[in-house]
$ cat upload14.cif   # mmCIF, C-alpha atoms
data_structure
loop_
_atom_site.label_atom_id
_atom_site.label_comp_id
_atom_site.auth_asym_id
_atom_site.auth_seq_id
_atom_site.Cartn_x
_atom_site.Cartn_y
_atom_site.Cartn_z
CA LEU L 19 -14.48 21.63 -4.50
CA GLY L 20 -16.76 18.60 -4.42
CA SER L 21 -18.55 16.25 -2.08
CA TYR L 22 -18.76 12.57 -1.26
CA ARG L 23 -21.21 10.23 0.42
CA LEU L 24 -20.38 9.07 3.93
CA ARG L 25 -21.93 6.09 5.69
CA THR L 26 -20.91 4.90 9.14
CA ASN L 27 -22.14 1.78 10.87
CA SER L 28 -23.36 1.43 14.44
CA LEU L 29 -19.76 0.91 15.60
CA GLY L 30 -18.83 4.32 14.21
CA TYR L 31 -16.65 2.97 11.37
CA ARG L 32 -16.97 3.85 7.73
CA GLY L 33 -18.76 1.06 5.91
CA PRO L 34 -21.69 -1.33 6.16
CA GLU L 35 -23.04 -2.86 9.34
CA ILE L 36 -21.09 -5.76 10.78
CA ALA L 37 -21.86 -8.11 13.64
CA LYS L 38 -19.63 -7.71 16.69
CA SER L 39 -19.43 -11.48 16.90
CA LYS L 40 -17.66 -12.68 13.78
CA PRO L 41 -19.94 -14.89 11.67
CA ALA L 42 -18.82 -18.49 11.27
CA GLY L 43 -16.62 -19.07 8.25
CA THR L 44 -15.70 -15.39 7.89
CA PHE L 45 -12.12 -14.15 7.52
CA ARG L 46 -12.19 -10.71 9.13
CA ILE L 47 -9.51 -8.11 8.34
CA LEU L 48 -9.25 -5.12 10.68
CA VAL L 49 -7.65 -2.02 9.16
CA LEU L 50 -6.20 0.77 11.32
CA GLY L 51 -5.25 4.16 9.90
CA ASP L 52 -6.10 7.78 9.28
CA SER L 53 -7.78 9.57 6.36
CA VAL L 54 -5.93 7.48 3.75
CA ALA L 55 -7.57 4.27 4.99
CA TYR L 56 -10.81 6.18 5.69
CA GLY L 57 -10.96 7.39 2.08
CA THR L 58 -11.45 11.13 2.49
CA GLY L 59 -12.94 12.76 -0.58
CA VAL L 60 -14.42 9.73 -2.37
CA ASP L 61 -17.55 7.62 -2.05
CA GLU L 62 -17.26 4.42 -0.06
CA GLU L 63 -17.57 2.09 -3.04
CA VAL L 64 -14.57 3.83 -4.63
CA THR L 65 -12.20 3.34 -1.68
CA PHE L 66 -9.48 0.74 -2.10
CA LEU L 67 -10.55 -1.10 1.07
CA ARG L 68 -14.19 -1.53 0.06
CA ARG L 69 -13.21 -2.57 -3.45
CA TRP L 70 -10.73 -5.07 -2.00
CA GLU L 71 -13.47 -6.60 0.14
CA VAL L 72 -15.73 -6.96 -2.91
CA GLU L 73 -12.91 -8.62 -4.87
CA LEU L 74 -12.07 -11.01 -2.05
CA ASN L 75 -15.67 -12.12 -1.75
CA ALA L 76 -15.88 -12.67 -5.50
CA SER L 77 -12.71 -14.77 -5.52
CA GLY L 78 -14.39 -17.99 -4.37
CA ARG L 79 -11.98 -18.36 -1.44
CA GLY L 80 -14.64 -17.93 1.24
CA ARG L 81 -16.32 -15.04 3.00
CA PHE L 82 -14.31 -11.92 3.89
CA GLU L 83 -14.99 -8.77 5.88
CA VAL L 84 -12.71 -5.72 5.73
CA VAL L 85 -13.43 -3.54 8.77
CA ASN L 86 -12.22 -0.01 8.10
CA THR L 87 -11.53 1.75 11.42
CA GLY L 88 -9.58 4.57 9.71
CA HIS L 89 -10.31 8.06 10.98
CA PRO L 90 -9.03 11.42 9.69
CA MET L 91 -5.98 12.74 11.57
CA TYR L 92 -5.48 9.65 13.73
CA ASP L 93 -1.95 9.00 14.93
CA THR L 94 -0.48 5.69 16.12
CA THR L 95 -1.55 6.15 19.73
CA GLN L 96 -5.19 6.49 18.65
CA GLU L 97 -4.89 3.49 16.34
CA LEU L 98 -3.54 1.56 19.32
CA ALA L 99 -6.54 2.64 21.39
CA ILE L 100 -8.98 1.51 18.69
CA LEU L 101 -7.32 -1.91 18.51
CA ARG L 102 -7.10 -2.33 22.29
CA ASP L 103 -10.54 -1.00 23.23
CA GLU L 104 -12.64 -2.18 20.30
CA GLY L 105 -10.76 -3.92 17.51
CA LEU L 106 -9.62 -7.14 19.13
CA ALA L 107 -13.14 -7.76 20.46
CA LEU L 108 -14.22 -8.04 16.80
CA GLU L 109 -12.09 -11.21 16.52
CA PRO L 110 -9.98 -10.20 13.51
CA ASP L 111 -7.97 -12.81 11.62
CA LEU L 112 -5.56 -10.17 10.32
CA VAL L 113 -4.71 -6.60 11.38
CA LEU L 114 -3.33 -4.06 8.91
CA LEU L 115 -2.08 -0.55 9.71
CA VAL L 116 -1.91 2.03 6.91
CA TYR L 117 0.95 4.11 8.29
CA VAL L 118 1.30 7.77 7.22
CA VAL L 119 3.24 10.84 8.33
CA ASN L 120 0.28 11.72 10.58
CA ASP L 121 1.40 8.82 12.74
CA ILE L 122 4.33 10.86 14.05
CA GLU L 123 2.38 14.12 14.38
CA PRO L 124 0.55 13.96 17.72
CA THR L 125 -3.11 14.73 17.02
CA ARG L 126 -3.56 16.02 20.56
CA ASP L 127 -1.39 19.01 19.63
CA VAL L 128 -3.70 19.91 16.73
CA VAL L 129 -6.82 19.65 18.90
CA GLU L 130 -5.34 21.71 21.75
CA GLN L 131 -4.20 24.42 19.36
CA ALA L 132 -7.58 24.56 17.59
CA LEU L 133 -9.85 24.38 20.65
CA PHE L 134 -7.79 25.90 23.42
CA GLY L 135 -5.41 28.21 21.61
CA LYS L 136 -2.34 26.34 22.80
CA LEU L 137 0.74 27.75 21.09
CA PRO L 138 3.06 25.41 19.16
CA ASP L 139 6.38 24.61 20.78
CA PRO L 140 8.86 27.15 19.33
CA ALA L 141 11.53 24.46 19.30
CA GLU L 142 9.40 22.45 16.85
CA ALA L 143 8.63 25.34 14.50
CA LEU L 144 9.92 24.84 10.98
CA PRO L 145 11.77 27.84 9.54
CA ASP L 146 9.95 29.42 6.60
CA PRO L 147 11.66 32.30 4.80
CA GLY L 148 8.73 32.69 2.42
CA ASP L 149 8.98 33.69 -1.21
CA CYS L 150 7.10 35.80 -3.75
CA TRP L 151 4.10 33.46 -3.72
CA THR L 152 3.68 33.48 0.06
CA TRP L 153 4.16 37.28 0.06
CA LEU L 154 1.39 37.71 -2.53
CA ALA L 155 -0.91 35.24 -0.73
CA ALA L 156 -0.54 37.17 2.54
CA ARG L 157 -1.46 40.44 0.82
CA ILE L 158 -4.66 39.19 -0.83
CA ALA L 159 -5.83 36.84 1.96
CA PRO L 160 -7.96 39.47 3.79
CA VAL L 161 -10.14 40.05 0.73
CA LEU L 162 -9.69 36.87 -1.35
CA PRO L 163 -8.93 34.06 1.12
CA ALA L 164 -9.71 31.19 -1.27
CA THR L 165 -7.60 32.71 -4.04
CA ALA L 166 -4.80 33.32 -1.54
CA LYS L 167 -4.82 29.62 -0.69
CA LEU L 168 -4.44 28.70 -4.34
CA VAL L 169 -1.66 31.26 -4.79
CA GLN L 170 0.23 29.85 -1.80
CA LEU L 171 0.04 26.37 -3.29
CA GLN L 172 2.28 27.58 -6.13
CA SER L 173 5.13 27.46 -3.61
CA ASP L 174 6.50 24.25 -2.04
CA PRO L 175 6.92 24.59 1.76
CA LEU L 176 9.60 21.87 1.82
CA THR L 177 11.64 23.73 -0.77
CA ARG L 178 11.38 26.88 1.36
CA LEU L 179 12.39 24.92 4.48
CA LEU L 180 15.39 23.28 2.84
CA SER L 181 16.59 26.65 1.57
CA THR L 182 17.37 27.46 5.24
CA GLN L 183 19.41 24.27 5.72
CA PRO L 184 22.98 23.35 4.73
CA PRO L 185 23.39 22.34 1.07
CA GLY L 186 22.49 18.68 0.45
CA THR L 187 20.06 18.44 3.38
CA GLU L 188 17.09 16.13 2.74
CA TYR L 189 13.73 16.45 4.43
CA VAL L 190 13.22 13.43 6.67
CA PRO L 191 9.99 13.72 8.72
CA GLU L 192 11.38 12.05 11.85
CA ARG L 193 14.15 14.68 12.10
CA PHE L 194 12.19 17.91 11.63
CA GLY L 195 9.42 19.71 13.49
CA LYS L 196 7.39 17.36 15.70
CA GLY L 197 9.22 14.33 14.31
CA PRO L 198 11.89 14.01 17.04
CA ARG L 199 9.08 13.85 19.62
CA GLY L 200 6.42 12.09 17.59
CA TRP L 201 8.51 9.28 16.09
CA PRO L 202 9.55 7.72 19.44
CA ARG L 203 5.94 8.10 20.61
CA SER L 204 4.75 6.28 17.50
CA GLN L 205 7.35 3.55 18.00
CA ARG L 206 6.06 2.83 21.49
CA ALA L 207 2.49 2.57 20.17
CA LEU L 208 3.60 0.29 17.32
CA GLU L 209 5.33 -1.99 19.81
CA GLN L 210 2.12 -2.21 21.82
CA ILE L 211 0.01 -2.90 18.72
CA ALA L 212 2.37 -5.71 17.72
CA ALA L 213 2.36 -7.11 21.27
CA LEU L 214 -1.45 -7.09 21.45
CA CYS L 215 -1.68 -8.91 18.12
CA ARG L 216 0.90 -11.50 19.19
CA ALA L 217 -0.97 -12.13 22.45
CA ALA L 218 -4.20 -12.62 20.49
CA HIS L 219 -2.42 -14.80 17.88
CA VAL L 220 -3.46 -12.40 15.11
CA PRO L 221 -1.01 -11.58 12.29
CA PHE L 222 -0.12 -7.88 12.01
CA ALA L 223 1.30 -6.04 8.99
CA LEU L 224 2.23 -2.41 8.39
CA LEU L 225 1.61 -0.70 5.04
CA ASP L 226 3.98 2.26 4.67
CA ASP L 227 2.26 5.21 2.98
CA THR L 228 4.50 7.94 4.42
CA MET L 229 5.10 10.88 2.09
CA PRO L 230 7.76 12.18 2.38
CA ALA L 231 9.18 8.81 3.34
CA LEU L 232 9.91 8.09 6.99
CA ARG L 233 13.41 6.74 6.36
CA ALA L 234 13.75 4.98 9.70
CA LEU L 235 10.51 2.99 9.42
CA PRO L 236 11.49 -0.04 7.26
CA GLY L 237 14.59 -0.87 9.31
CA TRP L 238 12.81 -0.28 12.60
CA CYS L 239 10.02 -2.68 11.58
CA ARG L 240 12.55 -5.36 10.62
CA GLU L 241 14.34 -4.96 13.94
CA HIS L 242 11.08 -5.36 15.86
CA GLY L 243 9.66 -8.25 13.86
CA ILE L 244 6.84 -6.25 12.26
CA ASP L 245 5.75 -7.33 8.79
CA TYR L 246 6.54 -4.27 6.63
CA HIS L 247 5.24 -3.44 3.13
CA ASP L 248 5.90 -0.39 0.94
CA PHE L 249 2.51 1.12 0.07
CA ARG L 250 3.64 4.52 -1.23
CA PHE L 251 2.98 6.06 -4.62
CA THR L 252 6.04 6.07 -6.86
CA PRO L 253 7.48 9.39 -8.12
CA GLU L 254 5.98 8.63 -11.55
CA GLU L 255 2.54 7.94 -10.04
CA LEU L 256 2.66 11.20 -8.10
CA HIS L 257 2.80 13.09 -11.39
CA ARG L 258 -0.50 11.59 -12.50
CA PRO L 259 -3.89 13.22 -11.69
CA ILE L 260 -4.51 11.05 -8.61
CA ARG L 261 -5.48 13.77 -6.09
CA ASN L 262 -8.93 15.10 -5.23
CA SER L 263 -7.89 18.70 -5.92
CA MET L 264 -5.14 21.25 -5.44
CA LEU L 265 -6.43 21.83 -1.92
CA ASP L 266 -7.08 18.19 -1.04
CA SER L 267 -4.14 15.87 -1.61
CA HIS L 268 -6.08 12.71 -0.70
CA ALA L 269 -6.39 10.09 -3.42
CA ASN L 270 -9.23 10.40 -5.92
CA ALA L 271 -10.79 7.40 -7.72
CA ALA L 272 -7.67 6.96 -9.87
CA GLY L 273 -5.48 7.14 -6.78
CA HIS L 274 -7.58 4.50 -5.02
CA GLU L 275 -7.25 2.27 -8.08
CA LEU L 276 -3.46 2.47 -7.70
CA LEU L 277 -3.70 1.74 -3.96
CA LEU L 278 -5.88 -1.28 -4.72
CA GLN L 279 -3.30 -2.57 -7.19
CA LYS L 280 -0.60 -2.24 -4.54
CA LEU L 281 -2.78 -3.96 -1.95
CA ARG L 282 -3.46 -6.88 -4.31
CA ALA L 283 0.29 -7.43 -4.67
CA ILE L 284 0.88 -7.18 -0.92
CA ALA L 285 -2.06 -9.52 -0.15
CA ALA L 286 -0.21 -12.31 -1.97
CA GLU L 287 2.35 -12.18 0.87
CA LEU L 288 -0.17 -11.95 3.74
CA PRO L 289 -1.46 -14.93 5.75
CA MET L 290 -4.90 -15.17 4.11
CA PRO L 291 -7.02 -17.95 2.63
CA ARG L 292 -5.83 -18.97 -0.85
#

$ encode --input "upload14.cif" --output "structure tokens"
Amino acid sequence: LGSYRLRTNSLGYRGPEIAKSKPAGTFRILVLGDSVAYGTGVDEEVTFLRRWEVELNASGRGRFEVVNTGHPMYDTTQELAILRDEGLALEPDLVLLVYVVNDIEPTRDVVEQALFGKLPDPAEALPDPGDCWTWLAARIAPVLPATAKLVQLQSDPLTRLLSTQPPGTEYVPERFGKGPRGWPRSQRALEQIAALCRAAHVPFALLDDTMPALRALPGWCREHGIDYHDFRFTPEELHRPIRNSMLDSHANAAGHELLLQKLRAIAAELPMPR
């Protein structure tokens, strides 16, 4: 389905080498997140974070570094660990968290199921009645697995799930599946991230890229004094060709252009050199 170039620096982060000790006169921005921040599926120079860094340095407002610590599948507890164990030692002047639905889906569960065969909690299983597309995909999967995957994508799992719920029910991630367990866990990690930043006198802002939207997040951030910004694609934007492929929903170059536009607008409200 395609490929992309990946470069990591000696710290293990995607991007060019940086000095652990922040160079004099540099405004360093530390970005926490998962595969959205990481830029899965596109070359580094295409990602919205690398392009933002280039733009900032061309603006004549001084020297900037955008340190991308994003990692595929990270949840908030892992983002907290990165900040606590490594990030703050890099002396950031601003910390951003690109927050996605992964943040309330404990990654440890995925690892334990994949490596150790741990069974999912039946209480967290989402009902799936299936439909003609899933039936057909199951029949051809043994001989045509790739085709079966494409066939299954013709059916929306959320539509199937909501067909089992009372009329008018909306899918809200924090209320279904792992959400009732993962959302409080994420809240505790967010509180600790905010506390660490306050103690270090470093501004912290959250960029909300949850899809479907985590309805409780904006209000919760306001209640806890966390600088919140909507970073999600609009319904109209989601109908554009902004994905890598049918099988990879991460943003392609056009999607990263939209994310960069959103970040430019948000940056006007962030405590940065003008």

$ atom_distance --input "upload14.cif" --atom1 "atom CA of Arg203 of chain L" --atom2 "atom CA of Ala217 of chain L"
21.5 Å

$ residues_around --input "upload14.cif" --residues "Leu168 of chain L" --least-positions-apart "5" --cutoff "9 Å" --atoms "all atoms listed in the file" --output "ChimeraX atom specification"
/L:155,163,264-265

$ resolve_selection --input "upload14.cif" --expression "the PyMOL selection byres ((chain L and resi 94-107) around 9)" --output "PyMOL selection string"
chain L and resi 38-39+48+50-52+87-89+92-93+108-110+113+115+117+120-122+124-125+203-208+210-211+214-215+218

$ write_last_selection --input "upload14.cif" --atoms "C-alpha atoms" --output "PDB file, in the coordinates of the input"
ATOM      1  CA  LYS L  38     -19.630  -7.710  16.690  1.00  0.00           C
ATOM      2  CA  SER L  39     -19.430 -11.480  16.900  1.00  0.00           C
ATOM      3  CA  LEU L  48      -9.250  -5.120  10.680  1.00  0.00           C
ATOM      4  CA  LEU L  50      -6.200   0.770  11.320  1.00  0.00           C
ATOM      5  CA  GLY L  51      -5.250   4.160   9.900  1.00  0.00           C
ATOM      6  CA  ASP L  52      -6.100   7.780   9.280  1.00  0.00           C
ATOM      7  CA  THR L  87     -11.530   1.750  11.420  1.00  0.00           C
ATOM      8  CA  GLY L  88      -9.580   4.570   9.710  1.00  0.00           C
ATOM      9  CA  HIS L  89     -10.310   8.060  10.980  1.00  0.00           C
ATOM     10  CA  TYR L  92      -5.480   9.650  13.730  1.00  0.00           C
ATOM     11  CA  ASP L  93      -1.950   9.000  14.930  1.00  0.00           C
ATOM     12  CA  LEU L 108     -14.220  -8.040  16.800  1.00  0.00           C
ATOM     13  CA  GLU L 109     -12.090 -11.210  16.520  1.00  0.00           C
ATOM     14  CA  PRO L 110      -9.980 -10.200  13.510  1.00  0.00           C
ATOM     15  CA  VAL L 113      -4.710  -6.600  11.380  1.00  0.00           C
ATOM     16  CA  LEU L 115      -2.080  -0.550   9.710  1.00  0.00           C
ATOM     17  CA  TYR L 117       0.950   4.110   8.290  1.00  0.00           C
ATOM     18  CA  ASN L 120       0.280  11.720  10.580  1.00  0.00           C
ATOM     19  CA  ASP L 121       1.400   8.820  12.740  1.00  0.00           C
ATOM     20  CA  ILE L 122       4.330  10.860  14.050  1.00  0.00           C
ATOM     21  CA  PRO L 124       0.550  13.960  17.720  1.00  0.00           C
ATOM     22  CA  THR L 125      -3.110  14.730  17.020  1.00  0.00           C
ATOM     23  CA  ARG L 203       5.940   8.100  20.610  1.00  0.00           C
ATOM     24  CA  SER L 204       4.750   6.280  17.500  1.00  0.00           C
ATOM     25  CA  GLN L 205       7.350   3.550  18.000  1.00  0.00           C
ATOM     26  CA  ARG L 206       6.060   2.830  21.490  1.00  0.00           C
ATOM     27  CA  ALA L 207       2.490   2.570  20.170  1.00  0.00           C
ATOM     28  CA  LEU L 208       3.600   0.290  17.320  1.00  0.00           C
ATOM     29  CA  GLN L 210       2.120  -2.210  21.820  1.00  0.00           C
ATOM     30  CA  ILE L 211       0.010  -2.900  18.720  1.00  0.00           C
ATOM     31  CA  LEU L 214      -1.450  -7.090  21.450  1.00  0.00           C
ATOM     32  CA  CYS L 215      -1.680  -8.910  18.120  1.00  0.00           C
ATOM     33  CA  ALA L 218      -4.200 -12.620  20.490  1.00  0.00           C
TER      34      ALA L 218
END

$ resolve_selection --input "upload14.cif" --expression "the PyMOL selection byres ((chain L and resi 272-283) around 7)" --output "number ranges by chain"
L: 65-66, 70, 249, 260-261, 269-271, 284-286

$ write_last_selection --input "upload14.cif" --atoms "C-alpha atoms" --output "short mmCIF file (atom, residue, chain, number, x, y, z; two decimals), in the frame of the given file"
data_model
loop_
_atom_site.label_atom_id
_atom_site.label_comp_id
_atom_site.auth_asym_id
_atom_site.auth_seq_id
_atom_site.Cartn_x
_atom_site.Cartn_y
_atom_site.Cartn_z
CA THR L 65 -12.20 3.34 -1.68
CA PHE L 66 -9.48 0.74 -2.10
CA TRP L 70 -10.73 -5.07 -2.00
CA PHE L 249 2.51 1.12 0.07
CA ILE L 260 -4.51 11.05 -8.61
CA ARG L 261 -5.48 13.77 -6.09
CA ALA L 269 -6.39 10.09 -3.42
CA ASN L 270 -9.23 10.40 -5.92
CA ALA L 271 -10.79 7.40 -7.72
CA ILE L 284 0.88 -7.18 -0.92
CA ALA L 285 -2.06 -9.52 -0.15
CA ALA L 286 -0.21 -12.31 -1.97
#

$ closest_residue --input "upload14.cif" --among "L:Arg292, L:Ala166, L:Leu112, L:Ala159" --to "His219 of chain L" --atoms "all atoms listed in the file"
L:Leu112

$ residues_around --input "upload14.cif" --residues "Thr26 of chain L" --least-positions-apart "5" --cutoff "10 Å" --atoms "only C-alpha atoms" --output "VMD selection string"
chain L and resid 31 to 35 62

$ write_last_selection --input "upload14.cif" --atoms "C-alpha atoms" --output "PDB file, in the coordinates of the input"
ATOM      1  CA  TYR L  31     -16.650   2.970  11.370  1.00  0.00           C
ATOM      2  CA  ARG L  32     -16.970   3.850   7.730  1.00  0.00           C
ATOM      3  CA  GLY L  33     -18.760   1.060   5.910  1.00  0.00           C
ATOM      4  CA  PRO L  34     -21.690  -1.330   6.160  1.00  0.00           C
ATOM      5  CA  GLU L  35     -23.040  -2.860   9.340  1.00  0.00           C
ATOM      6  CA  GLU L  62     -17.260   4.420  -0.060  1.00  0.00           C
TER       7      GLU L  62
END

$ residues_around --input "upload14.cif" --residues "Ala141 of chain L" --least-positions-apart "4" --cutoff "12 Å" --atoms "all atoms listed in the file" --output "VMD selection string"
chain L and resid 137 145 194 to 199

$ residues_near_point --input "upload14.cif" --point "(-1.7, 35.3, 0.7)" --cutoff "12 Å" --atoms "all atoms listed in the file" --output "list of chain:residue names"
L:Gly148, L:Asp149, L:Cys150, L:Trp151, L:Thr152, L:Trp153, L:Leu154, L:Ala155, L:Ala156, L:Arg157, L:Ile158, L:Ala159, L:Pro160, L:Val161, L:Leu162, L:Pro163, L:Ala164, L:Thr165, L:Ala166, L:Lys167, L:Leu168, L:Val169, L:Gln170, L:Leu171, L:Gln172, L:Ser173

$ atom_distance --input "upload14.cif" --atom1 "atom CA of Pro202 of chain L" --atom2 "atom CA of Tyr246 of chain L"
17.8 Å

$ atom_distance --input "upload14.cif" --atom1 "atom CA of Met229 of chain L" --atom2 "atom CA of Phe251 of chain L"
8.5 Å

$ closest_residue --input "upload14.cif" --among "L:Met290, L:Leu180, L:Val60, L:Val119" --to "Pro230 of chain L" --atoms "all atoms listed in the file"
L:Val119

$ resolve_selection --input "upload14.cif" --expression "the PyMOL selection byres ((chain L and resi 291) around 10)" --output "list of chain:residue names"
L:Phe45, L:Leu74, L:Arg79, L:Gly80, L:Arg81, L:Phe82, L:Ala286, L:Leu288, L:Pro289, L:Met290, L:Arg292

$ write_last_selection --input "upload14.cif" --atoms "C-alpha atoms" --output "PDB file, in the coordinates of the input"
ATOM      1  CA  PHE L  45     -12.120 -14.150   7.520  1.00  0.00           C
ATOM      2  CA  LEU L  74     -12.070 -11.010  -2.050  1.00  0.00           C
ATOM      3  CA  ARG L  79     -11.980 -18.360  -1.440  1.00  0.00           C
ATOM      4  CA  GLY L  80     -14.640 -17.930   1.240  1.00  0.00           C
ATOM      5  CA  ARG L  81     -16.320 -15.040   3.000  1.00  0.00           C
ATOM      6  CA  PHE L  82     -14.310 -11.920   3.890  1.00  0.00           C
ATOM      7  CA  ALA L 286      -0.210 -12.310  -1.970  1.00  0.00           C
ATOM      8  CA  LEU L 288      -0.170 -11.950   3.740  1.00  0.00           C
ATOM      9  CA  PRO L 289      -1.460 -14.930   5.750  1.00  0.00           C
ATOM     10  CA  MET L 290      -4.900 -15.170   4.110  1.00  0.00           C
ATOM     11  CA  ARG L 292      -5.830 -18.970  -0.850  1.00  0.00           C
TER      12      ARG L 292
END
